[in-house]
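One file, data10.txt, is given below (compact mmCIF, C-alpha atoms and all ligand atoms).
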# COMPACT_ATOMS: atom_id res chain seq x y z
CA MET A 149 0.00 0.00 0.00
CA ALA A 150 1.28 3.45 -0.86
CA VAL A 151 0.37 6.57 1.04
CA SER A 152 -1.04 9.38 -1.05
CA HIS A 153 1.93 11.57 -1.71
CA SER A 154 2.36 15.17 -0.84
CA GLY A 155 6.03 14.26 -0.51
CA PRO A 156 8.95 14.47 -2.89
CA THR A 157 7.75 13.98 -6.45
CA LEU A 158 9.48 13.53 -9.77
CA THR A 159 7.19 14.76 -12.54
CA VAL A 160 7.90 13.17 -15.91
CA ASP A 161 6.56 15.22 -18.82
CA LEU A 162 6.12 12.71 -21.64
CA ALA A 163 4.90 15.48 -23.95
CA ALA A 164 8.40 16.96 -23.77
CA VAL A 165 9.92 13.59 -24.70
CA GLY A 166 7.51 13.33 -27.65
CA ASP A 167 8.39 16.86 -28.81
CA ASN A 168 12.11 16.06 -28.55
CA VAL A 169 11.64 12.89 -30.62
CA ARG A 170 9.86 14.90 -33.34
CA ALA A 171 12.58 17.55 -33.24
CA PHE A 172 15.36 14.99 -33.70
CA ARG A 173 13.41 13.23 -36.46
CA ALA A 174 13.31 16.56 -38.28
CA ILE A 175 16.99 17.36 -37.64
CA GLY A 176 18.25 13.89 -38.58
CA GLY A 177 16.06 13.43 -41.63
CA VAL A 178 16.47 9.65 -41.29
CA PRO A 179 14.70 7.06 -39.11
CA LEU A 180 15.37 7.40 -35.39
CA LEU A 181 16.36 4.81 -32.82
CA ALA A 182 15.29 6.02 -29.38
CA VAL A 183 17.90 5.08 -26.78
CA VAL A 184 15.99 4.09 -23.64
CA LYS A 185 18.80 2.47 -21.65
CA ALA A 186 19.18 2.96 -17.88
CA ASP A 187 15.42 3.02 -17.31
CA GLY A 188 14.89 5.47 -20.13
CA PHE A 189 17.59 7.81 -18.70
CA GLY A 190 15.68 7.61 -15.41
CA HIS A 191 12.37 8.65 -17.00
CA GLY A 192 10.87 5.13 -17.09
CA LEU A 193 11.81 2.49 -19.68
CA VAL A 194 8.41 1.45 -20.98
CA ARG A 195 6.67 4.81 -20.88
CA VAL A 196 9.54 6.52 -22.69
CA ALA A 197 9.65 3.70 -25.26
CA ARG A 198 5.89 3.99 -25.95
CA THR A 199 6.08 7.79 -26.12
CA ALA A 200 9.04 7.69 -28.52
CA LEU A 201 7.35 5.19 -30.83
CA ALA A 202 4.12 7.22 -30.83
CA ALA A 203 6.15 10.32 -31.75
CA GLY A 204 7.79 8.68 -34.74
CA ALA A 205 10.78 6.65 -33.52
CA SER A 206 11.11 3.44 -35.51
CA TYR A 207 13.64 1.58 -33.35
CA LEU A 208 14.43 1.26 -29.65
CA GLY A 209 17.93 0.82 -28.25
CA VAL A 210 19.13 -0.49 -24.88
CA THR A 211 22.37 -1.82 -23.49
CA THR A 212 21.45 -5.12 -21.80
CA LEU A 213 19.31 -7.94 -23.07
CA ASP A 214 17.31 -7.72 -19.82
CA GLU A 215 16.20 -4.21 -20.76
CA ALA A 216 15.19 -5.43 -24.21
CA VAL A 217 13.22 -8.33 -22.72
CA ALA A 218 11.40 -5.91 -20.41
CA LEU A 219 10.21 -4.00 -23.49
CA ARG A 220 8.90 -7.20 -25.08
CA VAL A 221 7.24 -8.30 -21.83
CA ALA A 222 5.44 -4.93 -21.82
CA GLY A 223 4.04 -5.85 -25.23
CA ILE A 224 6.22 -3.61 -27.37
CA ALA A 225 6.73 -5.24 -30.79
CA ALA A 226 8.89 -2.56 -32.46
CA PRO A 227 12.50 -3.37 -33.40
CA VAL A 228 14.74 -3.34 -30.31
CA LEU A 229 18.55 -3.37 -30.40
CA SER A 230 20.66 -4.47 -27.41
CA TRP A 231 24.38 -3.64 -27.58
CA LEU A 232 26.16 -4.57 -24.36
CA ASN A 233 26.18 -8.22 -23.36
CA ALA A 234 28.66 -10.94 -22.46
CA PRO A 235 29.40 -13.59 -25.12
CA ASP A 236 27.51 -16.25 -23.12
CA THR A 237 24.28 -14.24 -22.74
CA ASP A 238 20.95 -16.08 -23.08
CA TRP A 239 20.82 -15.59 -26.87
CA ASP A 240 18.01 -18.15 -27.18
CA THR A 241 15.74 -15.61 -25.49
CA ALA A 242 16.96 -12.79 -27.74
CA ILE A 243 16.21 -14.90 -30.82
CA ARG A 244 12.81 -16.07 -29.54
CA LEU A 245 11.77 -12.44 -28.84
CA SER A 246 13.18 -11.08 -32.13
CA ILE A 247 15.59 -8.77 -30.34
CA ASP A 248 18.39 -7.32 -32.49
CA ILE A 249 21.84 -8.02 -31.06
CA ALA A 250 24.95 -5.88 -31.56
CA VAL A 251 27.95 -8.13 -32.16
CA PRO A 252 31.36 -6.78 -31.09
CA SER A 253 33.44 -9.96 -31.37
CA VAL A 254 33.88 -13.27 -33.12
CA ALA A 255 33.29 -14.96 -29.73
CA HIS A 256 29.88 -13.30 -29.44
CA LEU A 257 28.98 -14.33 -32.97
CA ARG A 258 29.95 -17.96 -32.37
CA GLN A 259 27.66 -18.27 -29.34
CA ILE A 260 24.82 -16.47 -31.10
CA CYS A 261 25.11 -18.98 -33.98
CA ASP A 262 25.01 -21.88 -31.50
CA ALA A 263 21.78 -20.45 -30.09
CA ALA A 264 20.36 -20.04 -33.61
CA ILE A 265 21.10 -23.72 -34.35
CA ARG A 266 19.37 -24.75 -31.08
CA SER A 267 16.31 -22.62 -31.71
CA GLY A 268 16.03 -23.23 -35.45
CA ARG A 269 15.56 -19.50 -36.04
CA ARG A 270 17.82 -16.78 -37.40
CA ALA A 271 19.31 -14.22 -35.04
CA ARG A 272 19.05 -10.57 -36.08
CA ILE A 273 22.44 -8.93 -35.63
CA HIS A 274 24.22 -5.61 -36.11
CA LEU A 275 27.99 -5.80 -36.59
CA TYR A 276 29.58 -3.33 -34.17
CA ILE A 277 32.94 -1.81 -35.23
CA ASP A 278 35.12 0.38 -33.04
CA THR A 279 36.18 3.59 -34.81
CA GLY A 280 38.29 5.18 -32.09
CA LEU A 281 36.26 5.01 -28.90
CA ASN A 282 38.25 1.95 -27.84
CA ARG A 283 35.39 0.78 -25.68
CA ASP A 284 32.71 -1.66 -26.78
CA GLY A 285 32.93 -2.32 -30.54
CA ALA A 286 35.16 -4.79 -32.39
CA PRO A 287 38.73 -3.52 -32.85
CA ALA A 288 39.45 -2.73 -36.51
CA ALA A 289 41.98 -5.58 -36.62
CA GLU A 290 39.19 -8.08 -35.85
CA TRP A 291 36.71 -6.61 -38.36
CA PRO A 292 37.68 -8.67 -41.48
CA GLU A 293 37.35 -11.94 -39.54
CA LEU A 294 34.07 -10.82 -37.96
CA VAL A 295 32.68 -9.88 -41.38
CA ALA A 296 33.84 -13.17 -42.93
CA ASP A 297 32.26 -15.21 -40.11
CA ALA A 298 29.03 -13.18 -40.38
CA CYS A 299 28.84 -13.76 -44.14
CA PHE A 300 29.30 -17.49 -43.60
CA ALA A 301 26.66 -17.59 -40.84
CA GLU A 302 24.23 -15.62 -42.98
CA ARG A 303 24.67 -18.04 -45.89
CA GLU A 304 23.99 -20.86 -43.41
CA ARG A 305 20.80 -18.98 -42.46
CA LEU A 306 21.84 -18.78 -38.79
CA ILE A 307 21.82 -14.98 -38.71
CA GLU A 308 20.54 -12.00 -40.60
CA VAL A 309 22.96 -9.06 -40.67
CA VAL A 310 20.44 -6.26 -40.21
CA GLY A 311 22.91 -3.44 -39.68
CA MET A 312 26.41 -2.14 -39.07
CA MET A 313 27.15 0.35 -36.34
CA SER A 314 29.77 2.35 -34.49
CA HIS A 315 29.86 5.07 -31.82
CA PHE A 316 31.82 8.35 -31.62
CA ALA A 317 34.40 9.10 -28.96
CA CYS A 318 34.45 12.90 -29.31
CA ALA A 319 31.06 13.93 -30.70
CA ASP A 320 30.64 16.45 -27.86
CA THR A 321 33.36 18.45 -29.66
CA PRO A 322 31.99 18.30 -33.22
CA GLY A 323 35.14 19.83 -34.75
CA HIS A 324 37.46 17.32 -33.06
CA PRO A 325 39.65 15.62 -35.70
CA ALA A 326 38.79 12.19 -34.20
CA ASN A 327 35.25 12.59 -35.57
CA ALA A 328 36.27 12.87 -39.23
CA ARG A 329 38.62 9.92 -38.69
CA ALA A 330 35.75 7.92 -37.15
CA VAL A 331 33.44 8.64 -40.10
CA ALA A 332 36.20 7.60 -42.52
CA SER A 333 36.94 4.40 -40.55
CA PHE A 334 33.25 3.58 -40.47
CA ARG A 335 32.97 4.07 -44.24
CA ASP A 336 36.01 1.81 -44.76
CA ALA A 337 34.49 -0.86 -42.51
CA VAL A 338 31.18 -0.70 -44.37
CA THR A 339 32.98 -0.87 -47.74
CA LEU A 340 34.83 -4.00 -46.64
CA ALA A 341 31.57 -5.62 -45.49
CA GLU A 342 29.81 -4.65 -48.72
CA ALA A 343 32.62 -6.15 -50.78
CA ALA A 344 32.08 -9.36 -48.81
CA GLY A 345 28.42 -9.31 -49.82
CA LEU A 346 26.74 -7.44 -46.95
CA THR A 347 25.13 -4.73 -49.08
CA ASN A 348 22.14 -2.54 -48.20
CA ARG A 349 22.30 -2.96 -44.45
CA ILE A 350 21.25 -0.28 -41.94
CA ARG A 351 24.37 1.82 -41.24
CA HIS A 352 24.25 3.79 -37.97
CA LEU A 353 26.85 5.89 -36.20
CA ALA A 354 25.42 9.17 -34.84
CA ALA A 355 24.05 9.73 -31.33
CA THR A 356 22.56 13.00 -30.03
CA VAL A 357 25.28 15.55 -30.72
CA ALA A 358 26.44 14.01 -34.00
CA THR A 359 22.84 13.98 -35.25
CA GLN A 360 22.78 17.73 -34.71
CA ALA A 361 26.32 18.71 -35.64
CA ILE A 362 27.96 16.06 -37.87
CA PRO A 363 25.60 15.69 -40.85
CA ASP A 364 27.71 13.13 -42.75
CA SER A 365 27.42 10.78 -39.75
CA ARG A 366 23.66 10.31 -40.01
CA PHE A 367 23.72 7.47 -42.57
CA ASP A 368 20.50 5.37 -42.41
CA LEU A 369 19.52 5.71 -38.73
CA VAL A 370 20.43 7.95 -35.80
CA ARG A 371 20.55 6.65 -32.22
CA VAL A 372 19.36 9.45 -29.95
CA GLY A 373 19.40 9.21 -26.16
CA ALA A 374 20.26 12.36 -24.21
CA GLY A 375 18.52 14.69 -26.66
CA LEU A 376 15.18 12.96 -26.07
CA PHE A 377 15.39 14.19 -22.51
CA GLY A 378 16.46 17.74 -23.31
CA ILE A 379 20.12 17.04 -22.51
CA GLY A 380 22.66 18.40 -24.98
CA GLY A 381 19.96 19.65 -27.30
CA GLY A 382 16.32 18.87 -27.72
CA VAL A 383 13.36 21.06 -27.08
CA ARG A 384 13.13 20.84 -23.32
CA SER A 385 13.83 18.76 -20.26
CA ALA A 386 11.05 16.43 -19.13
CA LEU A 387 11.82 16.21 -15.42
CA THR A 388 10.80 18.33 -12.46
CA LEU A 389 11.75 17.34 -8.91
CA THR A 390 9.77 18.97 -6.14
CA ALA A 391 9.70 18.41 -2.39
CA PRO A 392 7.78 20.04 0.43
CA VAL A 393 9.26 21.93 3.35
CA VAL A 394 8.60 19.60 6.30
CA LEU A 395 10.03 21.69 9.16
CA THR A 396 11.31 25.22 9.68
CA ARG A 397 13.28 26.95 12.41
CA TYR A 398 14.36 30.54 12.91
CA VAL A 399 18.02 30.80 13.87
CA ALA A 400 20.56 33.48 14.78
CA ARG A 401 23.51 34.57 12.67
CA GLY A 402 26.47 32.18 13.01
CA THR A 403 24.37 29.07 13.63
CA ALA A 404 26.19 25.89 12.52
CA VAL A 405 24.06 23.66 10.33
CA GLY A 406 24.11 19.90 9.80
CA TYR A 407 26.78 17.19 10.05
CA GLY A 408 30.27 18.41 10.85
CA HIS A 409 28.93 21.95 11.27
CA ALA A 410 30.15 22.50 7.71
CA ASP A 411 28.31 25.82 7.25
CA LEU A 412 27.33 28.76 9.44
CA THR A 413 24.39 31.04 8.76
CA SER A 414 25.52 34.45 7.55
CA GLY A 415 22.62 36.23 9.25
CA ALA A 416 19.49 35.55 11.23
CA THR A 417 17.40 33.38 8.95
CA THR A 418 14.79 30.66 8.57
CA LEU A 419 16.12 27.18 7.86
CA ALA A 420 13.80 24.99 5.79
CA LEU A 421 14.10 21.20 5.87
CA ILE A 422 13.55 19.42 2.54
CA PRO A 423 13.23 15.60 2.63
CA VAL A 424 15.48 14.58 -0.29
CA GLY A 425 19.11 13.51 0.11
CA TYR A 426 21.87 11.57 -1.53
CA ALA A 427 19.89 8.31 -1.27
CA ASP A 428 17.38 10.01 -3.56
CA GLY A 429 20.07 11.07 -6.04
CA ILE A 430 20.96 14.52 -4.71
CA PRO A 431 24.74 14.65 -5.26
CA TYR A 432 26.67 14.59 -1.97
CA ARG A 433 29.53 16.72 -3.23
CA LEU A 434 28.29 20.12 -4.33
CA GLU A 435 30.08 23.29 -5.30
CA PRO A 436 29.07 26.43 -3.39
CA GLY A 437 25.99 28.03 -4.92
CA ALA A 438 23.84 24.91 -5.16
CA SER A 439 20.26 26.01 -4.61
CA VAL A 440 16.60 25.12 -4.89
CA GLN A 441 13.69 27.37 -5.73
CA LEU A 442 11.37 28.34 -2.88
CA SER A 443 8.45 30.76 -3.32
CA GLY A 444 9.82 31.85 -6.68
CA ARG A 445 13.34 32.56 -5.42
CA ARG A 446 16.60 30.64 -5.54
CA ARG A 447 17.66 29.73 -2.01
CA PRO A 448 21.01 28.09 -1.18
CA ILE A 449 21.50 24.67 0.33
CA ILE A 450 23.30 25.09 3.67
CA GLY A 451 25.41 22.38 5.32
CA VAL A 452 26.17 18.97 3.83
CA VAL A 453 23.66 16.83 1.96
CA SER A 454 22.39 14.07 4.27
CA MET A 455 21.21 10.66 3.12
CA ASP A 456 17.55 11.71 3.24
CA GLN A 457 17.44 15.46 3.59
CA ILE A 458 18.89 18.87 2.85
CA VAL A 459 18.56 22.17 4.67
CA VAL A 460 17.87 25.34 2.73
CA ASP A 461 18.63 28.85 3.94
CA ALA A 462 15.24 30.41 3.25
CA GLY A 463 16.52 33.95 3.94
CA PRO A 464 14.50 37.04 4.81
CA ALA A 465 11.39 35.84 2.94
CA GLY A 466 11.33 32.77 5.16
CA ALA A 467 9.44 29.57 4.43
CA ARG A 468 6.46 27.73 5.83
CA VAL A 469 5.86 24.06 6.33
CA GLY A 470 4.08 22.83 3.22
CA ASP A 471 5.77 25.27 0.83
CA VAL A 472 7.02 23.32 -2.16
CA ALA A 473 10.66 23.56 -3.21
CA THR A 474 11.62 22.91 -6.82
CA VAL A 475 14.96 21.13 -6.83
CA PHE A 476 15.19 21.16 -10.62
CA GLY A 477 12.95 21.59 -13.62
CA PRO A 478 13.04 22.70 -17.26
CA GLY A 479 14.07 26.19 -16.12
CA ARG A 480 11.15 28.12 -17.52
CA HIS A 481 10.27 29.67 -14.17
CA GLY A 482 13.74 30.41 -12.87
CA GLU A 483 14.14 27.07 -11.10
CA PRO A 484 17.49 25.26 -11.22
CA THR A 485 17.99 23.04 -14.26
CA LEU A 486 19.72 19.70 -14.74
CA SER A 487 22.64 21.62 -16.25
CA ASP A 488 22.90 23.72 -13.07
CA TRP A 489 23.02 20.55 -10.97
CA ALA A 490 25.61 19.03 -13.30
CA VAL A 491 27.81 22.10 -12.77
CA TRP A 492 27.31 22.09 -8.98
CA ALA A 493 28.13 18.37 -8.80
CA ARG A 494 30.89 18.54 -11.46
CA THR A 495 29.19 15.85 -13.46
CA LEU A 496 26.86 15.36 -16.44
CA PRO A 497 23.10 15.94 -16.53
CA GLN A 498 22.91 12.25 -17.54
CA ASP A 499 24.46 11.34 -14.19
CA ILE A 500 21.80 13.38 -12.34
CA VAL A 501 18.77 11.95 -14.19
CA THR A 502 19.86 8.31 -13.91
CA ARG A 503 20.34 8.38 -10.16
CA ILE A 504 16.96 9.62 -8.88
CA GLY A 505 16.09 7.00 -6.27
CA PRO A 506 13.04 4.73 -6.16
CA ARG A 507 11.71 6.37 -2.97
CA ILE A 508 10.68 9.48 -4.91
CA ALA A 509 7.08 9.24 -6.17
CA ARG A 510 6.69 9.55 -9.94
CA GLU A 511 3.92 11.65 -11.43
CA ILE A 512 3.46 11.10 -15.14
CA VAL A 513 2.16 13.82 -17.45
CA GLU A 514 0.91 11.92 -20.49
CA ALA A 515 1.78 13.08 -23.98
CA ALA A 516 -1.18 14.40 -25.98
CA ARG A 517 -2.47 11.77 -28.41
C1 LIG A 601 24.30 5.75 -24.96
C2 LIG A 601 24.53 5.44 -26.39
C3 LIG A 601 23.86 6.18 -27.38
C4 LIG A 601 23.06 7.43 -27.09
O1 LIG A 601 23.96 8.49 -26.90
P1 LIG A 601 23.40 9.96 -26.59
O2 LIG A 601 24.59 10.82 -26.64
O3 LIG A 601 22.79 9.88 -25.23
O4 LIG A 601 22.41 10.27 -27.63
C5 LIG A 601 23.98 5.77 -28.70
N1 LIG A 601 24.74 4.70 -29.03
C6 LIG A 601 25.42 3.99 -28.10
C7 LIG A 601 26.25 2.83 -28.53
C8 LIG A 601 25.35 4.33 -26.76
O5 LIG A 601 26.02 3.64 -25.83

Could you write out this structure as structure tokens?
Amino acid sequence: MAVSHSGPTLTVDLAAVGDNVRAFRAIGGVPLLAVVKADGFGHGLVRVARTALAAGASYLGVTTLDEAVALRVAGIAAPVLSWLNAPDTDWDTAIRLSIDIAVPSVAHLRQICDAAIRSGRRARIHLYIDTGLNRDGAPAAEWPELVADACFAERERLIEVVGMMSHFACADTPGHPANARAVASFRDAVTLAEAAGLTNRIRHLAATVATQAIPDSRFDLVRVGAGLFGIGGGVRSALTLTAPVVLTRYVARGTAVGYGHADLTSGATTLALIPVGYADGIPYRLEPGASVQLSGRRRPIIGVVSMDQIVVDAGPAGARVGDVATVFGPGRHGEPTLSDWAVWARTLPQDIVTRIGPRIAREIVEAAR
């Protein structure tokens, strides 16, 4: 049983996600794969997937097979690509549920073929080449062997090579020379695969920033994650985190606040207690200046972030129990944004949105249909 919540609430604006999908469809000019990994960047896997498909996405992308299976279990039939799995993953399930599998090594391909033989059905795969990220694709030196094995397995009707993919290392700096090198390496890899007989496959390389800023990287499909949530582009952010003031106290100048007495009040003021802390995803380490919005004004956090709570210096205007603080939002009403929090915590907005804890109630604003 859940109590009705007047407590901390994360509002997820699916209309914003839908608008961002349409914006990136228009920018990319090619079909869009909506990246919904990490619980849809913390916005909810299934609801983001449904919203993205309704707004024109034609593919869904996740890292683990478990995430892909969760989409199928929810009844989503659209193409789903999973790109980060061990070689001995339960490929039988991937094949049975028609989940596309990114293949970064010959070892992966071998085990996928074994599963295809067992199940008597073809696996749908995307060959994944590394073009400079040096992370999760096949090293260029392994590419010819991977292509040769894939051609053989396709002739044996064990697999269908649906696509070929790579991922940028330096897309956040569109002019970085590594990006042109990555596009050229990707073209070379595709040319080699085409010469081996793998023609007319879906070629995909660009994620959010490349879709916007590196036009020759768009190929046949763009894989957009962050931008769907208003991070690094997009129309607007979809998340608003609010929490009520649960206690106030009036204190004198020089009052030490919280664990370790890390801060002193700079004047007589009202302290407002807000029940969200690092267990809820509020970063523990914050630069000075971190604030929330209370009664239309930015008010600083004072003292260290506790596991479950923060204290805000409500200043001369004061605060009353029941006032609602906005921790972050799209920024249209002067509230802090995800970018502000990323600066205060010296991290990425992605890191903020994917760590909001399960204790926070979710309120979903449905996209218009
Ligand atoms: C996370 C990820 C994406 C999405 O990147 P964004 O910058 O969030 O759009 C695309 N492709 C791969 C392989 C990824 O890991």

Sort by chain and increasing residue number a table of all residues of chain A within 7 Å of ligand LIG 601 (chain A), each with its closest pair of atoms and their distance in Å to one decimal, counting all atoms listed in the file, and write it as a tab-separated table.
residue	atom	partner	partner_atom	distance
A:Val183	CA	A:LIG601	C4	5.7
A:Thr211	CA	A:LIG601	O5	7.0
A:Trp231	CA	A:LIG601	C7	6.8
A:Ser314	CA	A:LIG601	C7	6.9
A:His315	CA	A:LIG601	C7	5.4
A:Ala355	CA	A:LIG601	O4	4.1
A:Thr356	CA	A:LIG601	O4	3.6
A:Val357	CA	A:LIG601	O2	6.3
A:Arg371	CA	A:LIG601	C5	5.0
A:Val372	CA	A:LIG601	O4	3.9
A:Gly373	CA	A:LIG601	O4	3.5
A:Ala374	CA	A:LIG601	O3	3.7
A:Gly375	CA	A:LIG601	O4	6.0

> Taking only C-alpha atoms into account, which of A:Thr403, A:Ser454, A:Thr413, A:Thr159 comes nearest Ile430 of chain A?
Replying inline: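 With only C-alpha atoms as the atom set, the closest residue is A:Ser454.
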
>> Nearest residue to His256 of chain A out of A:Ala328, A:Met313, A:Ala298, A:Leu158, using all atoms listed in the file?
In response: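 Nearest candidate to His256 of chain A out of A:Ala328, A:Met313, A:Ala298, A:Leu158: A:Ala298.
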
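Closest to Ala226 of chain A among A:Gly466, A:Gly406, A:Pro506, A:Gly204 is A:Gly204, based on only C-alpha atoms.
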
> Nearest to His274 of chain A among A:Pro448, A:Asn327, A:His352, A:Ala218, with distances taken over all atoms listed in the file: which residue is it?
Replying inline: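 When distances to His274 of chain A are compared using all atoms listed in the file, the smallest one comes from A:His352.
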
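Nearest to Leu201 of chain A of all the residues A:Ala250, A:Ile265, A:Val165, A:Ala174 is A:Val165, based on only C-alpha atoms.
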
>> Using all atoms listed in the file, which protein or nucleic acid residues come within 10 Å of Glu483 of chain A? Drop anything in the same chain fewer than 4 positions from it, and give the result as a list in words.
In response: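 Within the cut-off, the hits are Thr388, Ser439, Val440, Gln441, Leu442, Gly444, Arg445, Arg446, Ala473, Thr474, Val475, Phe476, Gly477, Pro478, Gly479 and Asp488 of chain A.
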
> How many Å lie between atom CA of Ser206 of chain A and atom CA of Arg384 of chain A, rounded to one decimal?
Replying inline: 21.3 Å

> Which residue gives the smallest distance to Ala326 of chain A among A:Ala341, A:Pro227, A:Leu281, A:Gly408, with all atoms listed in the file counted?
Replying inline: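 Result for the nearest residue to Ala326 of chain A: A:Leu281.
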
> Which value, in Å to one decimal, gives the distance between atom CA of Leu162 of chain A and atom CA of Val501 of chain A?
Replying inline: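 Between these atoms lies a distance of 14.7 Å.
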
>> Between atom CA of Val513 of chain A and atom CA of Ile422 of chain A, what is the distance in Å, rounded to a tenth?
In response: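 For atom CA of Val513 of chain A relative to atom CA of Ile422 of chain A, the distance reads 23.7 Å.
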
> If you count all atoms listed in the file, which residues fall within 10 Å of Ile260 of chain A, apart from same-chain ones fewer than 2 positions away, as a list of chain:residue names?
Replying inline: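 The filter keeps A:Pro235, A:Asp236, A:Thr237, A:Asp238, A:Trp239, A:Asp240, A:Ala242, A:Ile243, A:Ile249, A:Val251, A:Val254, A:Ala255, A:His256, A:Leu257, A:Arg258, A:Asp262, A:Ala263, A:Ala264, A:Ile265, A:Arg266, A:Arg270, A:Ala271, A:Arg272, A:Ile273, A:Ala301, A:Leu306, A:Ile307.
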
>> Env of Ala438 of chain A: 12 Å cut, atoms = only C-alpha atoms, seq-sep filter 4 positions within chain, self excluded. Answer as a ChimeraX atom specification.
In response: /A:430-434,446-453,458-461,475-476,483-494
